file entry.csv (CSV, C-alpha atoms)
chain,number,residue,atom,x,y,z
U,236,MET,CA,69.3,182.4,0.1
U,237,THR,CA,66.7,179.7,-0.6
U,238,ILE,CA,63.9,178.6,1.7
U,239,SER,CA,62.7,175.0,1.7
U,240,GLU,CA,59.1,174.4,1.0
U,241,SER,CA,58.7,172.9,4.5
U,242,ALA,CA,60.4,175.8,6.3
U,243,PRO,CA,58.1,177.6,8.8
U,244,LYS,CA,57.1,181.0,7.5
U,245,GLU,CA,55.6,182.5,10.7
U,246,LEU,CA,56.8,181.9,14.3
U,247,VAL,CA,57.2,183.6,17.7
U,248,LEU,CA,60.6,183.3,19.4
U,249,VAL,CA,62.3,184.7,22.5
U,250,GLY,CA,65.7,186.1,22.1
U,251,LEU,CA,68.1,186.2,25.1
U,252,MET,CA,71.2,188.3,25.2
U,253,SER,CA,73.9,188.9,27.9
U,254,GLY,CA,76.6,191.1,26.6
U,255,THR,CA,80.2,192.1,27.3
U,256,SER,CA,79.1,194.9,29.6
U,257,LEU,CA,77.8,192.3,32.1
U,258,ASP,CA,75.0,194.7,33.2
U,259,GLY,CA,72.2,192.1,32.8
U,260,ILE,CA,70.0,190.0,30.5
U,261,SER,CA,67.8,191.4,27.7
U,262,ALA,CA,64.8,189.2,26.7
U,263,ALA,CA,62.7,190.0,23.6
U,264,VAL,CA,59.6,188.2,22.3
U,265,ALA,CA,59.4,188.7,18.6
U,266,HIS,CA,57.0,187.5,15.9
U,267,PHE,CA,58.6,186.6,12.6
U,268,ARG,CA,57.2,186.1,9.1
U,269,ASP,CA,58.6,186.1,5.6
U,270,ASN,CA,57.6,188.7,3.1
U,271,ALA,CA,56.9,188.0,-0.5
U,272,ASP,CA,60.7,188.1,-1.3
U,273,GLY,CA,61.4,185.5,1.4
U,274,ILE,CA,63.0,188.1,3.7
U,275,PRO,CA,62.0,187.8,7.4
U,276,GLN,CA,60.2,190.6,9.0
U,277,ALA,CA,60.0,191.1,12.8
U,278,THR,CA,57.4,192.6,15.2
U,279,LEU,CA,58.6,193.1,18.8
U,280,LEU,CA,55.9,191.8,21.1
U,281,ALA,CA,57.6,192.4,24.5
U,282,PHE,CA,60.9,193.3,25.9
U,283,THR,CA,62.3,193.0,29.4
U,284,GLN,CA,65.6,193.4,31.2
U,285,ARG,CA,66.9,191.4,34.2
U,286,PRO,CA,69.8,193.4,35.8
U,287,TYR,CA,72.6,191.4,37.4
U,288,SER,CA,73.2,191.9,41.1
U,289,ALA,CA,76.6,193.0,42.2
U,290,ALA,CA,77.4,189.4,43.3
U,291,GLU,CA,76.2,187.9,39.9
U,292,ARG,CA,78.2,190.4,37.9
U,293,GLY,CA,81.2,189.7,40.1
U,294,ARG,CA,81.0,186.0,39.4
U,295,LEU,CA,80.7,186.5,35.7
U,296,GLU,CA,83.5,189.0,35.6
U,297,ALA,CA,85.8,186.8,37.6
U,298,ALA,CA,85.0,183.8,35.3
U,299,CYS,CA,86.1,185.9,32.3
U,300,ARG,CA,89.5,186.1,33.9
U,301,GLU,CA,90.0,182.8,35.7
U,302,GLY,CA,88.1,180.1,37.5
U,303,SER,CA,87.8,176.5,38.5
U,304,ALA,CA,86.0,173.7,36.7
U,305,ARG,CA,83.6,173.6,39.6
U,306,GLU,CA,82.8,177.3,39.3
U,307,TYR,CA,82.4,177.2,35.5
U,308,CYS,CA,80.1,174.2,35.8
U,309,ARG,CA,77.9,175.9,38.5
U,310,LEU,CA,77.9,179.3,36.8
U,311,ASN,CA,76.8,177.6,33.5
U,312,VAL,CA,73.7,176.3,35.3
U,313,ASP,CA,73.0,179.4,37.5
U,314,LEU,CA,73.2,181.6,34.4
U,315,ALA,CA,70.7,179.4,32.7
U,316,ASP,CA,68.3,179.9,35.5
U,317,TRP,CA,68.7,183.7,35.2
U,318,LEU,CA,68.2,183.5,31.5
U,319,ALA,CA,65.2,181.3,31.8
U,320,ALA,CA,63.6,183.7,34.4
U,321,ALA,CA,64.1,186.6,31.9
U,322,ALA,CA,62.5,184.6,29.1
U,323,ILE,CA,59.5,183.6,31.3
U,324,HIS,CA,59.0,187.2,32.3
U,325,ALA,CA,59.1,188.4,28.7
U,326,ILE,CA,56.6,185.6,27.6
U,327,HIS,CA,54.3,186.7,30.3
U,328,ASP,CA,54.6,190.3,29.4
U,329,ALA,CA,53.6,189.4,25.8
U,330,GLY,CA,50.5,187.7,27.0
U,331,LEU,CA,51.7,184.4,25.7
U,332,THR,CA,52.5,180.9,27.1
U,333,SER,CA,55.3,178.5,26.4
U,334,HIS,CA,52.9,176.8,23.9
U,335,ASP,CA,53.0,179.9,21.7
U,336,ILE,CA,56.8,180.0,21.5
U,337,ALA,CA,58.6,178.1,18.8
U,338,ALA,CA,62.0,178.4,20.6
U,339,VAL,CA,64.1,180.4,22.9
U,340,ALA,CA,67.2,181.7,21.1
U,341,SER,CA,69.9,182.2,23.8
U,342,HIS,CA,73.2,183.8,23.1
U,343,GLY,CA,74.4,183.0,26.6
U,344,GLN,CA,77.4,184.8,28.1
U,345,THR,CA,80.7,184.9,26.4
U,346,LEU,CA,83.5,183.9,28.8
U,347,TRP,CA,86.2,183.6,26.2
U,348,HIS,CA,86.5,184.7,22.5
U,349,GLU,CA,89.6,184.0,20.5
U,350,PRO,CA,89.1,184.8,16.8
U,351,GLY,CA,90.5,182.1,14.6
U,352,HIS,CA,90.6,179.4,17.3
U,353,SER,CA,87.7,179.2,19.8
U,354,THR,CA,84.7,180.9,21.4
U,355,TRP,CA,82.8,180.0,24.6
U,356,GLN,CA,79.4,181.0,25.7
U,357,ILE,CA,77.8,179.6,28.8
U,358,GLY,CA,74.2,179.2,29.9
U,359,ASP,CA,73.0,175.5,29.9
U,360,ALA,CA,70.4,175.1,27.1
U,361,ALA,CA,68.9,172.0,28.7
U,362,ARG,CA,68.3,173.9,31.9
U,363,ILE,CA,66.6,176.8,30.0
U,364,ALA,CA,64.5,174.2,28.1
U,365,GLU,CA,63.4,172.6,31.4
U,366,ARG,CA,62.6,175.9,33.1
U,367,THR,CA,60.7,177.5,30.1
U,368,GLN,CA,59.2,174.3,28.6
U,369,CYS,CA,60.4,175.7,25.3
U,370,ALA,CA,62.8,174.4,22.7
U,371,VAL,CA,66.1,176.3,22.9
U,372,VAL,CA,68.5,177.2,20.1
U,373,SER,CA,72.0,178.1,21.5
U,374,ASP,CA,75.7,178.1,20.8
U,375,PHE,CA,75.4,180.4,17.8
U,376,ARG,CA,79.1,181.4,17.4
U,377,SER,CA,81.0,178.1,17.3
U,378,ARG,CA,79.9,176.9,13.9
U,379,ASP,CA,81.2,180.1,12.2
U,380,VAL,CA,84.5,179.7,14.1
U,381,ALA,CA,84.7,176.1,13.0
U,382,ALA,CA,84.2,177.3,9.4
U,383,GLY,CA,87.2,179.7,9.7
U,384,GLY,CA,85.3,182.8,10.7
U,385,GLN,CA,85.6,185.2,13.6
U,386,GLY,CA,82.4,183.9,15.2
U,387,ALA,CA,81.4,187.6,15.4
U,388,PRO,CA,79.7,189.8,14.7
U,389,LEU,CA,76.5,187.9,14.1
U,390,VAL,CA,74.0,190.7,14.5
U,391,PRO,CA,74.6,191.9,10.9
U,392,MET,CA,72.1,189.4,9.5
U,393,ALA,CA,69.4,191.2,11.5
U,394,ASP,CA,70.8,194.6,10.6
U,395,ALA,CA,70.5,193.8,7.0
U,396,MET,CA,67.2,191.9,7.0
U,397,LEU,CA,65.3,193.9,9.6
U,398,PHE,CA,66.8,197.4,9.9
U,399,SER,CA,68.2,198.6,6.6
U,400,HIS,CA,67.2,201.9,5.0
U,401,ALA,CA,64.7,201.7,2.1
U,402,HIS,CA,66.9,203.6,-0.3
U,403,GLU,CA,70.3,204.5,1.3
U,404,TRP,CA,73.3,202.9,2.7
U,405,ARG,CA,73.2,202.8,6.5
U,406,ALA,CA,75.6,202.1,9.4
U,407,LEU,CA,74.2,200.5,12.5
U,408,GLN,CA,76.6,201.0,15.5
U,409,ASN,CA,76.1,198.9,18.6
U,410,LEU,CA,77.3,200.4,21.9
U,411,GLY,CA,77.3,197.4,24.2
U,412,GLY,CA,80.3,196.4,26.1
U,413,ILE,CA,82.1,196.2,22.8
U,414,GLY,CA,81.4,198.5,19.8
U,415,ASN,CA,80.5,197.0,16.5
U,416,VAL,CA,79.3,198.4,13.2
U,417,THR,CA,77.3,196.9,10.3
U,418,ILE,CA,77.3,198.6,7.0
U,419,VAL,CA,74.1,197.6,5.0
U,420,PRO,CA,73.0,198.5,1.5
U,421,PRO,CA,69.4,199.7,0.8
U,422,SER,CA,66.7,197.2,1.6
U,423,SER,CA,65.6,197.3,-2.0
U,424,SER,CA,68.8,195.3,-2.8
U,425,ILE,CA,68.7,192.8,0.0
U,426,ALA,CA,66.4,190.4,-1.8
U,427,ASN,CA,68.6,190.6,-4.9
U,428,GLY,CA,71.9,189.4,-3.6
U,429,GLY,CA,72.5,192.5,-1.4
U,430,LEU,CA,73.5,190.4,1.6
U,431,SER,CA,76.9,189.8,0.0
U,432,ALA,CA,77.6,193.5,0.2
U,433,VAL,CA,77.0,193.7,4.0
U,434,ARG,CA,80.1,194.3,6.0
U,435,ALA,CA,80.6,194.4,9.8
U,436,PHE,CA,83.3,194.3,12.4
U,437,ASP,CA,84.0,195.3,16.0
U,438,THR,CA,85.2,198.9,16.2
U,439,GLY,CA,86.8,198.5,19.6
U,440,PRO,CA,85.4,199.4,23.1
U,441,GLY,CA,81.8,200.2,23.5
U,442,CYS,CA,80.9,200.8,27.2
U,443,VAL,CA,83.3,198.3,28.8
U,444,VAL,CA,86.2,200.6,29.5
U,445,ILE,CA,83.9,203.5,30.5
U,446,ASP,CA,82.1,201.3,32.9
U,447,THR,CA,85.2,199.8,34.4
U,448,VAL,CA,86.8,203.2,34.9
U,449,THR,CA,83.6,204.6,36.4
U,450,ARG,CA,83.3,201.7,38.9
U,451,ALA,CA,86.9,202.0,39.9
U,452,LEU,CA,86.6,205.7,40.6
U,453,HIS,CA,83.1,205.5,42.1
U,454,PRO,CA,82.4,202.0,43.5
U,455,GLN,CA,78.8,203.0,44.3
U,456,LEU,CA,78.1,203.5,40.6
U,457,SER,CA,77.6,200.8,37.9
U,458,TYR,CA,78.0,203.1,35.0
U,459,ASP,CA,78.2,206.8,34.1
U,460,ALA,CA,74.4,207.5,33.9
U,461,ASP,CA,73.5,209.8,31.0
U,462,GLY,CA,77.3,210.6,30.7
U,463,ALA,CA,77.0,213.0,33.6
U,464,LEU,CA,80.6,212.4,34.9
U,465,ALA,CA,82.1,212.7,31.4
U,466,ARG,CA,80.1,215.9,30.7
U,467,ALA,CA,81.7,217.5,33.7
U,468,GLY,CA,85.2,216.6,32.7
U,469,THR,CA,87.9,217.7,30.3
U,470,VAL,CA,89.3,215.4,27.7
U,471,ILE,CA,93.1,214.8,27.7
U,472,GLU,CA,93.8,214.6,24.0
U,473,THR,CA,97.3,213.1,24.4
U,474,VAL,CA,95.9,210.1,26.2
U,475,VAL,CA,93.2,209.6,23.5
U,476,ARG,CA,95.8,209.8,20.7
U,477,ASP,CA,98.1,207.3,22.4
U,478,ALA,CA,95.3,204.8,23.0
U,479,LEU,CA,94.3,205.0,19.4
U,480,ALA,CA,97.7,203.7,18.4
U,481,HIS,CA,96.8,200.2,19.6
U,482,PRO,CA,97.4,197.7,16.9
U,483,TYR,CA,93.8,196.5,16.9
U,484,PHE,CA,92.7,199.7,15.2
U,485,ALA,CA,95.0,199.2,12.3
U,486,GLN,CA,93.9,195.6,11.8
U,487,HIS,CA,91.7,195.2,8.7
U,488,PRO,CA,88.3,193.6,8.9
U,489,PRO,CA,86.9,191.0,9.4
U,490,LYS,CA,87.9,191.4,13.0
U,491,SER,CA,86.4,191.1,16.5
U,492,THR,CA,87.5,191.7,20.0
U,493,GLY,CA,86.2,191.5,23.6
U,494,ARG,CA,87.1,191.5,27.3
U,495,GLU,CA,90.2,189.6,26.4
U,496,LEU,CA,91.7,192.9,25.3
U,497,TYR,CA,89.7,195.4,27.3
U,498,THR,CA,90.6,194.0,30.7
U,499,ARG,CA,90.7,195.6,34.1
U,500,GLU,CA,94.4,196.0,33.5
U,501,PHE,CA,93.7,197.9,30.3
U,502,ALA,CA,91.4,200.3,32.1
U,503,ALA,CA,93.9,200.7,35.0
U,504,ALA,CA,96.7,201.6,32.5
U,505,PHE,CA,94.4,204.1,30.8
U,506,MET,CA,93.5,205.7,34.2
U,507,ARG,CA,97.2,205.9,35.1
U,508,ALA,CA,98.0,207.7,31.8
U,509,CYS,CA,95.2,210.2,32.6
U,510,LEU,CA,96.4,210.8,36.2
U,511,GLU,CA,100.0,211.4,35.0
U,512,HIS,CA,98.5,214.5,33.3
U,513,GLY,CA,96.9,215.7,36.5
U,514,ALA,CA,93.4,214.5,35.6
U,515,SER,CA,90.5,214.7,38.0
U,516,ASP,CA,88.0,211.8,38.2
U,517,THR,CA,85.6,213.5,35.8
U,518,ASP,CA,88.5,214.1,33.4
U,519,VAL,CA,89.4,210.4,33.4
U,520,VAL,CA,85.8,209.5,32.6
U,521,ALA,CA,85.6,212.2,29.9
U,522,THR,CA,88.8,211.0,28.3
U,523,THR,CA,87.7,207.4,28.4
U,524,THR,CA,84.4,208.4,26.7
U,525,ALA,CA,86.2,210.4,24.1
U,526,PHE,CA,88.5,207.5,23.4
U,527,THR,CA,85.5,205.2,22.8
U,528,ALA,CA,83.9,207.8,20.5
U,529,ARG,CA,87.0,208.5,18.5
U,530,SER,CA,87.9,204.8,18.2
U,531,ILE,CA,84.5,204.3,16.4
U,532,VAL,CA,85.0,207.2,14.0
U,533,ASP,CA,88.6,206.2,13.5
U,534,GLN,CA,87.4,202.9,12.2
U,535,TYR,CA,84.9,204.6,9.9
U,536,GLU,CA,87.7,206.7,8.5
U,537,ARG,CA,89.9,203.7,7.9
U,538,PHE,CA,87.5,201.1,6.7
U,539,ILE,CA,84.1,202.4,5.5
U,540,THR,CA,84.1,203.5,1.9
U,541,GLU,CA,80.3,202.9,1.3
U,542,PRO,CA,78.2,206.1,0.9
U,543,ILE,CA,76.4,205.8,4.3
U,544,ARG,CA,73.8,208.5,4.9
U,545,ASP,CA,72.9,207.8,8.5
U,546,VAL,CA,74.2,206.0,11.6
U,547,LEU,CA,71.8,204.4,14.1
U,548,LEU,CA,73.2,204.0,17.7
U,549,SER,CA,71.9,201.2,19.8
U,550,GLY,CA,72.8,199.4,23.0
U,551,GLY,CA,73.3,200.8,26.5
U,552,GLY,CA,75.9,203.3,25.3
U,553,SER,CA,73.2,205.1,23.2
U,554,LYS,CA,71.7,206.3,26.5
U,555,ASN,CA,75.0,207.9,27.4
U,556,LEU,CA,74.3,211.4,26.1
U,557,THR,CA,77.9,212.5,26.3
U,558,LEU,CA,79.1,209.5,24.3
U,559,VAL,CA,76.5,210.2,21.7
U,560,ARG,CA,77.5,213.8,21.5
U,561,PHE,CA,81.2,212.9,21.2
U,562,ILE,CA,80.4,210.4,18.4
U,563,THR,CA,78.3,213.0,16.6
U,564,ASP,CA,81.0,215.7,16.9
U,565,ALA,CA,83.7,213.4,15.6
U,566,ILE,CA,81.5,212.3,12.7
U,567,ASP,CA,80.7,215.9,11.8
U,568,ALA,CA,84.4,216.8,12.1
U,569,ARG,CA,85.3,214.0,9.8
U,570,ALA,CA,82.7,215.2,7.2
U,571,ALA,CA,84.0,218.7,7.4
U,572,THR,CA,87.6,217.6,6.9
U,573,ARG,CA,86.8,215.4,4.0
U,574,HIS,CA,84.3,217.8,2.5
U,575,THR,CA,81.7,215.1,2.3
U,576,ASN,CA,78.0,215.0,3.0
U,577,THR,CA,77.0,215.1,6.6
U,578,ILE,CA,76.1,211.8,8.1
U,579,ALA,CA,73.0,211.9,10.3
U,580,VAL,CA,73.5,210.3,13.8
U,581,LYS,CA,70.3,208.9,15.3
U,582,ARG,CA,69.4,206.7,18.1
U,583,PHE,CA,68.0,203.3,17.0
U,584,GLU,CA,64.9,203.8,19.1
U,585,ASP,CA,64.0,207.0,17.2
U,586,VAL,CA,63.6,204.9,14.1
U,587,PHE,CA,62.6,201.5,15.3
U,588,PHE,CA,62.1,200.3,19.0
U,589,ASP,CA,64.1,200.4,22.2
U,590,GLY,CA,67.7,200.0,21.1
U,591,GLU,CA,68.5,197.8,24.1
U,592,ALA,CA,66.2,195.2,22.7
U,593,LYS,CA,67.9,195.1,19.3
U,594,GLU,CA,70.5,192.4,20.0
U,595,ALA,CA,67.9,190.1,21.7
U,596,VAL,CA,65.7,190.5,18.6
U,597,ALA,CA,68.8,189.7,16.4
U,598,PHE,CA,69.4,186.4,18.2
U,599,ALA,CA,65.7,185.6,18.0
U,600,LEU,CA,66.1,186.1,14.2
U,601,LEU,CA,69.1,183.7,14.2
U,602,GLY,CA,66.9,181.2,16.0
U,603,TYR,CA,64.2,181.7,13.4
U,604,LEU,CA,66.7,181.1,10.6
U,605,HIS,CA,68.0,178.0,12.3
U,606,LEU,CA,64.4,176.5,12.6
U,607,SER,CA,63.8,177.3,8.9
U,608,GLY,CA,67.1,175.8,7.8
U,609,ARG,CA,68.8,179.0,6.7
U,610,SER,CA,72.2,180.3,7.3
U,611,GLY,CA,72.7,182.9,10.0
U,612,ASN,CA,76.2,184.2,9.4
U,613,LEU,CA,77.4,186.6,6.8
U,614,PRO,CA,80.9,185.5,5.6
U,615,SER,CA,81.5,189.1,4.4
U,616,ALA,CA,81.3,190.1,8.1
U,617,THR,CA,82.9,187.1,9.9
U,618,GLY,CA,85.4,185.8,7.3
U,619,ALA,CA,83.9,182.3,7.4
U,620,ARG,CA,84.4,180.0,4.4
U,621,GLY,CA,80.7,180.2,3.6
U,622,PRO,CA,77.2,180.5,4.9
U,623,ARG,CA,76.4,178.2,7.8
U,624,ILE,CA,73.2,177.3,9.8
U,625,LEU,CA,74.1,178.5,13.3
U,626,GLY,CA,73.2,177.1,16.6
U,627,ALA,CA,72.3,173.8,18.3
U,628,LEU,CA,68.7,172.8,19.0
U,629,THR,CA,67.6,171.5,22.4
U,630,PRO,CA,64.1,170.1,22.2
U,631,ALA,CA,61.4,171.3,24.7

call {"tool": "encode", "arguments": {"input": "entry.csv", "output": "structure tokens"}}
result
Amino acid sequence: MTISESAPKELVLVGLMSGTSLDGISAAVAHFRDNADGIPQATLLAFTQRPYSAAERGRLEAACREGSAREYCRLNVDLADWLAAAAIHAIHDAGLTSHDIAAVASHGQTLWHEPGHSTWQIGDAARIAERTQCAVVSDFRSRDVAAGGQGAPLVPMADAMLFSHAHEWRALQNLGGIGNVTIVPPSSSIANGGLSAVRAFDTGPGCVVIDTVTRALHPQLSYDADGALARAGTVIETVVRDALAHPYFAQHPPKSTGRELYTREFAAAFMRACLEHGASDTDVVATTTAFTARSIVDQYERFITEPIRDVLLSGGGSKNLTLVRFITDAIDARAATRHTNTIAVKRFEDVFFDGEAKEAVAFALLGYLHLSGRSGNLPSATGARGPRILGALTPA
């Protein structure tokens, strides 16, 4: 990676993220500067979340399944207003104004993601620019797809540059709507070609199936807070084993997935399989949570050969204590079976900052790389033909 002499070396950006879980918008204000090796460093200045109302979530969820041109057009603009409001709130919380912000880096909301063909994120960049009075970098995924990549995951660049371990291999596991893992070498090697060793892929479901099942069984709940429902239930092992037989889990990386696979119909079939075994509501949630945890460790077993020494859990799922326990238990069982060193499981926030801010900071980094003329994708993670500058710039 080379940096042009004219590239900015110190900027403040806002990162905006709305993920597969459809729970709301994360907005992070981050200060970026390059270290002596030309590797960006980030300082989180402010972080805020804007939850979606039930009506807003319903519109987004419906649009992921079907919709009219009129609704897509209106939702594209309405979402931009919600994103802009979150950005303005975060800028205010940081004690800054729009004049201090180099750009807002907006991921938008994915409505469709078809690896190898197309990807679609909405959230009108022009509208965000008008509302915030800031330049906007958006549409990060499409260039990687055009270059033959999956268009995902894109967070690995931040995982490698910002969150690697000083001396050991590390896995960073995001537990958003979809689960994805990045395997990064020690930071000491990143400046010396270590980026080419970074690998990443979607492990399968994160919180999307747990949340869908929880809402179906308990309409008054948005999610299983702290994993309380799952903690009270009993896991139906047969259902977990059958679900892990899905072809996605045998597919070799690079690979990515989303709501196109983990639909309401998927969740309904999973619930039916549990109920056929006489499951209670809490048993269904426990089994769904165990499936999510085991799917992650199944992918580690199949596809991670690097000597990782710790796993950092981030995203909304890292606050589900039962999911965290199931993941930890499964990783410990894997180590015992293989007679390998124990891998420490930690929450991202115990090492860095609030794990729910991580993806917003990651897209702020991608905006920083765009402004400085540097590639934002890792072909080893996405399968693209080569490095590409990601995103499109909408001036302030």

call {"tool": "closest_residue", "arguments": {"input": "entry.csv", "among": "U:Arg450, U:His487, U:Arg573, U:Arg544", "to": "U:Met506", "atoms": "only C-alpha atoms"}}
result
U:Arg450

call {"tool": "closest_atom_pairs", "arguments": {"input": "entry.csv", "of": "stretch 480-556 of chain U", "to": "stretch 411-433 of chain U", "cutoff": "8 Å", "atoms": "only C-alpha atoms", "output": "Markdown table"}}
result
| residue | atom | partner | partner_atom | distance |
| --- | --- | --- | --- | --- |
| U:Thr492 | CA | U:Ile413 | CA | 7.6 |
| U:Gly493 | CA | U:Ile413 | CA | 6.3 |
| U:Ile531 | CA | U:Gly414 | CA | 7.4 |
| U:Ile539 | CA | U:Ile418 | CA | 7.9 |
| U:Glu541 | CA | U:Ile418 | CA | 7.7 |
| U:Ile543 | CA | U:Ile418 | CA | 7.7 |
| U:Ser549 | CA | U:Gly411 | CA | 7.9 |
| U:Gly550 | CA | U:Gly411 | CA | 5.1 |
| U:Gly551 | CA | U:Gly411 | CA | 5.7 |
| U:Gly552 | CA | U:Gly411 | CA | 6.2 |

call {"tool": "closest_residue", "arguments": {"input": "entry.csv", "among": "U:Val264, U:Val448, U:Val519, U:Ala361", "to": "U:Gly330", "atoms": "only C-alpha atoms"}}
result
U:Val264

call {"tool": "closest_residue", "arguments": {"input": "entry.csv", "among": "U:Glu591, U:Asp567, U:Asp269, U:Asp446", "to": "U:Tyr497", "atoms": "all atoms listed in the file"}}
result
U:Asp446

call {"tool": "closest_residue", "arguments": {"input": "entry.csv", "among": "U:Tyr287, U:Trp355, U:Phe282, U:Phe561", "to": "U:Thr522", "atoms": "all atoms listed in the file"}}
result
U:Phe561

call {"tool": "axis_aligned_box", "arguments": {"input": "entry.csv", "around": "stretch 460-475 of chain U", "padding_each_side": "6 Å", "output": "JSON"}}
result
{"center_x": 85.4, "center_y": 212.6, "center_z": 29.2, "size_x": 35.8, "size_y": 22.2, "size_z": 23.4}

call {"tool": "residues_around", "arguments": {"input": "entry.csv", "residues": "U:Met396", "least_positions_apart": "3", "cutoff": "8 Å", "atoms": "only C-alpha atoms", "output": "ChimeraX atom specification"}}
result
/U:274-276,392-393,399,422,425

call {"tool": "write_last_selection", "arguments": {"input": "entry.csv", "atoms": "C-alpha atoms", "output": "PDB file, in the frame of the given file"}}
result
ATOM      1  CA  ILE U 274      63.000 188.100   3.700  1.00  0.00           C
ATOM      2  CA  PRO U 275      62.000 187.800   7.400  1.00  0.00           C
ATOM      3  CA  GLN U 276      60.200 190.600   9.000  1.00  0.00           C
ATOM      4  CA  MET U 392      72.100 189.400   9.500  1.00  0.00           C
ATOM      5  CA  ALA U 393      69.400 191.200  11.500  1.00  0.00           C
ATOM      6  CA  SER U 399      68.200 198.600   6.600  1.00  0.00           C
ATOM      7  CA  SER U 422      66.700 197.200   1.600  1.00  0.00           C
ATOM      8  CA  ILE U 425      68.700 192.800   0.000  1.00  0.00           C
TER       9      ILE U 425
END

call {"tool": "closest_residue", "arguments": {"input": "entry.csv", "among": "U:Met252, U:Ala262, U:Ala631, U:Ala319", "to": "U:Gln356", "atoms": "only C-alpha atoms"}}
result
U:Met252

call {"tool": "atom_distance", "arguments": {"input": "entry.csv", "atom1": "atom CA of U:Gly386", "atom2": "atom CA of U:Tyr458"}}
result
27.9 Å

call {"tool": "atom_distance", "arguments": {"input": "entry.csv", "atom1": "atom CA of U:Leu601", "atom2": "atom CA of U:Arg268"}}
result
13.2 Å

call {"tool": "residues_around", "arguments": {"input": "entry.csv", "residues": "U:Arg362", "least_positions_apart": "3", "cutoff": "10 Å", "atoms": "only C-alpha atoms", "output": "PyMOL selection string"}}
result
chain U and resi 311-316+318-319+358-359+365-368+371+629

call {"tool": "closest_atom_pairs", "arguments": {"input": "entry.csv", "of": "stretch 330-356 of chain U", "to": "stretch 604-610 of chain U", "cutoff": "12 Å", "atoms": "all atoms listed in the file", "output": "tab-separated table"}}
result
residue	atom	partner	partner_atom	distance
U:Ala337	CA	U:Leu606	CA	8.6
U:Ala338	CA	U:Leu606	CA	8.6
U:Val339	CA	U:Leu606	CA	11.0
U:Ala340	CA	U:His605	CA	9.6

call {"tool": "atom_distance", "arguments": {"input": "entry.csv", "atom1": "atom CA of U:Gly343", "atom2": "atom CA of U:Glu495"}}
result
17.1 Å

call {"tool": "build_atoms", "arguments": {"input": "entry.csv", "residues": "stretch 273-286 of chain U", "atoms": "N, CA and C atoms", "output": "compact mmCIF listing (two decimals), keeping the file's coordinate frame"}}
result
# COMPACT_ATOMS: atom_id res chain seq x y z
N GLY U 273 60.74 186.49 0.60
CA GLY U 273 61.40 185.50 1.40
C GLY U 273 62.30 186.09 2.50
N ILE U 274 62.19 187.38 2.72
CA ILE U 274 63.00 188.10 3.70
C ILE U 274 62.21 188.15 5.02
N PRO U 275 62.78 187.70 6.15
CA PRO U 275 62.00 187.80 7.40
C PRO U 275 61.73 189.21 7.83
N GLN U 276 60.57 189.37 8.42
CA GLN U 276 60.20 190.60 9.00
C GLN U 276 59.85 190.35 10.50
N ALA U 277 60.12 191.30 11.37
CA ALA U 277 60.00 191.10 12.80
C ALA U 277 59.04 192.13 13.42
N THR U 278 58.23 191.68 14.36
CA THR U 278 57.40 192.60 15.20
C THR U 278 57.77 192.29 16.64
N LEU U 279 58.22 193.31 17.36
CA LEU U 279 58.60 193.10 18.80
C LEU U 279 57.26 193.10 19.58
N LEU U 280 57.08 192.01 20.33
CA LEU U 280 55.90 191.80 21.10
C LEU U 280 56.09 192.23 22.60
N ALA U 281 57.27 192.00 23.10
CA ALA U 281 57.60 192.40 24.50
C ALA U 281 59.08 192.38 24.68
N PHE U 282 59.51 193.21 25.61
CA PHE U 282 60.90 193.30 25.90
C PHE U 282 61.09 193.56 27.40
N THR U 283 62.02 192.83 28.01
CA THR U 283 62.30 193.00 29.40
C THR U 283 63.78 192.89 29.68
N GLN U 284 64.23 193.46 30.78
CA GLN U 284 65.60 193.40 31.20
C GLN U 284 65.72 192.85 32.60
N ARG U 285 66.66 191.95 32.84
CA ARG U 285 66.90 191.40 34.20
C ARG U 285 68.34 191.88 34.55
N PRO U 286 68.48 192.91 35.38
CA PRO U 286 69.80 193.40 35.80
C PRO U 286 70.52 192.29 36.61
